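The block underneath contains the structure these notes are about, expressed in structure tokens.
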Amino acid sequence: MGKAQIIWYDSDNPDSSLEQKVKKVVRSGEPIFLYRCGGRVSPPPTGYCWRMMNEHPSMRIYQLELKDGE
């Protein structure tokens, strides 16, 4: 068992410090999940993308993943 991070993201009220927090967690190697409260997801760090987790019934949970080929 390890740690995972979940981010609550509201595109109608974005947190300006979120990008730096995500970059810090990416360096730690922990899985990162995002719960979309608003209409959009936050921009991912360069070389990453948010993958919607279709298996979750809310259709609002995303996992941060490396882009294919990077």
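Each chain of the structure tokens is named A, B, ... in the order shown, its residues numbered from 1; ligands are numbered from 1 in display order.
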ask   = Residues at most 9 Å from Leu66 of chain A, counting only C-alpha atoms, excluding those fewer than 6 positions away in the same chain, as a ChimeraX atom specification?
value = /A:47-50
For those residues, write N, CA and C atoms to a file as a tab-separated table (two decimals), in the first residue's frame.
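out-v4.tsv written:
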chain	number	residue	atom	x	y	z
A	47	GLY	N	3.59	17.08	-20.69
A	47	GLY	CA	3.91	15.66	-20.84
A	47	GLY	C	2.90	14.73	-20.19
A	48	TYR	N	1.87	15.30	-19.56
A	48	TYR	CA	0.85	14.50	-18.88
A	48	TYR	C	-0.53	14.82	-19.45
A	49	CYS	N	-1.48	13.97	-19.12
A	49	CYS	CA	-2.88	14.22	-19.49
A	49	CYS	C	-3.77	13.67	-18.38
A	50	TRP	N	-4.99	14.19	-18.32
A	50	TRP	CA	-5.99	13.68	-17.39
A	50	TRP	C	-6.82	12.63	-18.12
Do a neighbour search on Gly29 of chain A at 10 Å with only C-alpha atoms, toss out local chain neighbours closer than 3 positions, and write the hits as a compact mmCIF listing (two decimals) with N, CA and C atoms, in the first residue's frame.
# COMPACT_ATOMS: atom_id res chain seq x y z
N LYS A 3 0.70 5.84 -0.88
CA LYS A 3 -0.11 7.05 -0.83
C LYS A 3 -0.64 7.40 -2.21
N ALA A 4 -1.77 8.05 -2.24
CA ALA A 4 -2.34 8.63 -3.46
C ALA A 4 -2.85 10.02 -3.09
N LYS A 24 4.64 19.03 -7.72
CA LYS A 24 5.35 18.48 -6.56
C LYS A 24 4.99 17.01 -6.37
N VAL A 25 3.71 16.69 -6.47
CA VAL A 25 3.27 15.31 -6.28
C VAL A 25 3.77 14.42 -7.42
N VAL A 26 3.81 14.95 -8.65
CA VAL A 26 4.32 14.18 -9.79
C VAL A 26 5.75 13.73 -9.50
N ILE A 32 -2.06 10.46 -8.78
CA ILE A 32 -2.83 11.69 -8.59
C ILE A 32 -4.18 11.53 -9.26
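Atom CA of Met53 of chain A is positioned 20.8 Å from atom CA of Glu19 of chain A.
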task = Compile the contact shell of Arg51 of chain A as an MDAnalysis selection string: residues with an atom at most 8 Å away, counting only C-alpha atoms, same-chain residues fewer than 3 positions apart removed.
result = chainID A and resid 62:65
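Residue-level DSSP output for segment 6-58 of chain A, from the backbone, shows helix (DSSP H, G or I) at A:Leu18, A:Glu19, A:Gln20, A:Lys21, A:Val22, A:Lys23, A:Lys24, A:Val25, A:Val26, A:Arg27, A:Ser28.
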inquiry  = So that I can check the surroundings of Met59 of chain A, please list as number ranges by chain every protein, DNA and RNA residue that reaches within 12 Å of it, counting only C-alpha atoms and ignoring chain neighbours fewer than 2 positions away.
reply    = A: 34-37, 39, 41, 51-57, 61-63
So that I have them on file, write out the residues from the current selection with N, CA, C and O atoms, as a PDB file, in the first residue's frame.
ATOM      1  N   LEU A  34      -8.092  13.510  -9.790  1.00  0.00           N
ATOM      2  CA  LEU A  34      -8.757  14.814  -9.757  1.00  0.00           C
ATOM      3  C   LEU A  34     -10.259  14.584  -9.790  1.00  0.00           C
ATOM      4  O   LEU A  34     -10.751  13.767 -10.571  1.00  0.00           O
ATOM      5  N   TYR A  35     -10.980  15.265  -8.896  1.00  0.00           N
ATOM      6  CA  TYR A  35     -12.439  15.260  -8.936  1.00  0.00           C
ATOM      7  C   TYR A  35     -12.861  16.612  -9.499  1.00  0.00           C
ATOM      8  O   TYR A  35     -12.550  17.652  -8.932  1.00  0.00           O
ATOM      9  N   ARG A  36     -13.524  16.571 -10.654  1.00  0.00           N
ATOM     10  CA  ARG A  36     -13.945  17.790 -11.345  1.00  0.00           C
ATOM     11  C   ARG A  36     -15.270  18.266 -10.756  1.00  0.00           C
ATOM     12  O   ARG A  36     -16.302  17.656 -10.931  1.00  0.00           O
ATOM     13  N   CYS A  37     -15.233  19.408 -10.051  1.00  0.00           N
ATOM     14  CA  CYS A  37     -16.445  19.997  -9.484  1.00  0.00           C
ATOM     15  C   CYS A  37     -17.139  20.916 -10.488  1.00  0.00           C
ATOM     16  O   CYS A  37     -18.339  21.066 -10.447  1.00  0.00           O
ATOM     17  N   GLY A  39     -17.032  22.601 -14.774  1.00  0.00           N
ATOM     18  CA  GLY A  39     -17.223  22.101 -16.128  1.00  0.00           C
ATOM     19  C   GLY A  39     -15.974  21.608 -16.826  1.00  0.00           C
ATOM     20  O   GLY A  39     -16.057  20.932 -17.849  1.00  0.00           O
ATOM     21  N   VAL A  41     -11.514  20.308 -16.445  1.00  0.00           N
ATOM     22  CA  VAL A  41     -10.410  19.867 -15.582  1.00  0.00           C
ATOM     23  C   VAL A  41      -9.301  20.908 -15.644  1.00  0.00           C
ATOM     24  O   VAL A  41      -9.262  21.730 -16.556  1.00  0.00           O
ATOM     25  N   ARG A  51      -6.869  11.403 -17.600  1.00  0.00           N
ATOM     26  CA  ARG A  51      -7.681  10.340 -18.190  1.00  0.00           C
ATOM     27  C   ARG A  51      -8.932  10.150 -17.333  1.00  0.00           C
ATOM     28  O   ARG A  51      -8.845   9.910 -16.133  1.00  0.00           O
ATOM     29  N   MET A  52     -10.097  10.300 -17.985  1.00  0.00           N
ATOM     30  CA  MET A  52     -11.354  10.100 -17.254  1.00  0.00           C
ATOM     31  C   MET A  52     -11.465   8.638 -16.854  1.00  0.00           C
ATOM     32  O   MET A  52     -11.220   7.747 -17.656  1.00  0.00           O
ATOM     33  N   MET A  53     -11.826   8.411 -15.616  1.00  0.00           N
ATOM     34  CA  MET A  53     -12.010   7.047 -15.122  1.00  0.00           C
ATOM     35  C   MET A  53     -13.472   6.654 -15.347  1.00  0.00           C
ATOM     36  O   MET A  53     -14.318   6.884 -14.487  1.00  0.00           O
ATOM     37  N   ASN A  54     -13.728   6.083 -16.507  1.00  0.00           N
ATOM     38  CA  ASN A  54     -15.097   5.731 -16.901  1.00  0.00           C
ATOM     39  C   ASN A  54     -15.760   4.752 -15.951  1.00  0.00           C
ATOM     40  O   ASN A  54     -16.992   4.676 -15.897  1.00  0.00           O
ATOM     41  N   GLU A  55     -14.964   3.999 -15.204  1.00  0.00           N
ATOM     42  CA  GLU A  55     -15.531   3.011 -14.289  1.00  0.00           C
ATOM     43  C   GLU A  55     -16.194   3.659 -13.075  1.00  0.00           C
ATOM     44  O   GLU A  55     -16.934   3.006 -12.354  1.00  0.00           O
ATOM     45  N   HIS A  56     -15.956   4.941 -12.841  1.00  0.00           N
ATOM     46  CA  HIS A  56     -16.593   5.637 -11.719  1.00  0.00           C
ATOM     47  C   HIS A  56     -17.915   6.235 -12.208  1.00  0.00           C
ATOM     48  O   HIS A  56     -17.942   6.938 -13.211  1.00  0.00           O
ATOM     49  N   PRO A  57     -19.022   5.974 -11.521  1.00  0.00           N
ATOM     50  CA  PRO A  57     -20.339   6.400 -12.018  1.00  0.00           C
ATOM     51  C   PRO A  57     -20.534   7.911 -12.146  1.00  0.00           C
ATOM     52  O   PRO A  57     -21.369   8.355 -12.928  1.00  0.00           O
ATOM     53  N   ILE A  61     -14.187  11.751 -12.148  1.00  0.00           N
ATOM     54  CA  ILE A  61     -12.895  11.370 -11.585  1.00  0.00           C
ATOM     55  C   ILE A  61     -11.907  11.153 -12.725  1.00  0.00           C
ATOM     56  O   ILE A  61     -12.198  10.452 -13.689  1.00  0.00           O
ATOM     57  N   TYR A  62     -10.719  11.766 -12.602  1.00  0.00           N
ATOM     58  CA  TYR A  62      -9.667  11.673 -13.604  1.00  0.00           C
ATOM     59  C   TYR A  62      -8.381  11.224 -12.935  1.00  0.00           C
ATOM     60  O   TYR A  62      -8.140  11.542 -11.772  1.00  0.00           O
ATOM     61  N   GLN A  63      -7.539  10.514 -13.691  1.00  0.00           N
ATOM     62  CA  GLN A  63      -6.221  10.123 -13.205  1.00  0.00           C
ATOM     63  C   GLN A  63      -5.172  10.798 -14.065  1.00  0.00           C
ATOM     64  O   GLN A  63      -5.284  10.820 -15.295  1.00  0.00           O
TER      65      GLN A  63
END
key: Picked from chain A by DSSP as strand (DSSP E or B), as a ChimeraX atom specification   = /A:5-9,32-36,48-52,61-66
ask   = Can you tell me, as number ranges by chain, what residues are no more than 12 Å from Lys21 of chain A when counting only C-alpha atoms, ignoring any on the same chain fewer than 4 positions away?
value = A: 5-7, 15-17, 25-28, 32, 44-45
Write out the residues from the selection above, keeping C-alpha atoms, as a PDB file, in the first residue's frame.
ATOM      1  CA  GLN A   5      -3.406  12.248  -3.847  1.00  0.00           C
ATOM      2  CA  ILE A   6      -6.870  13.497  -4.761  1.00  0.00           C
ATOM      3  CA  ILE A   7      -7.493  17.036  -5.953  1.00  0.00           C
ATOM      4  CA  ASP A  15      -6.856  27.672  -7.147  1.00  0.00           C
ATOM      5  CA  SER A  16      -3.759  29.412  -8.521  1.00  0.00           C
ATOM      6  CA  SER A  17      -1.442  27.231  -6.406  1.00  0.00           C
ATOM      7  CA  VAL A  25       3.272  15.306  -6.283  1.00  0.00           C
ATOM      8  CA  VAL A  26       4.322  14.184  -9.794  1.00  0.00           C
ATOM      9  CA  ARG A  27       7.955  14.261  -8.631  1.00  0.00           C
ATOM     10  CA  SER A  28       7.070  12.109  -5.608  1.00  0.00           C
ATOM     11  CA  ILE A  32      -2.826  11.691  -8.587  1.00  0.00           C
ATOM     12  CA  PRO A  44      -2.137  19.019 -16.742  1.00  0.00           C
ATOM     13  CA  PRO A  45       1.633  19.474 -16.394  1.00  0.00           C
TER      14      PRO A  45
END
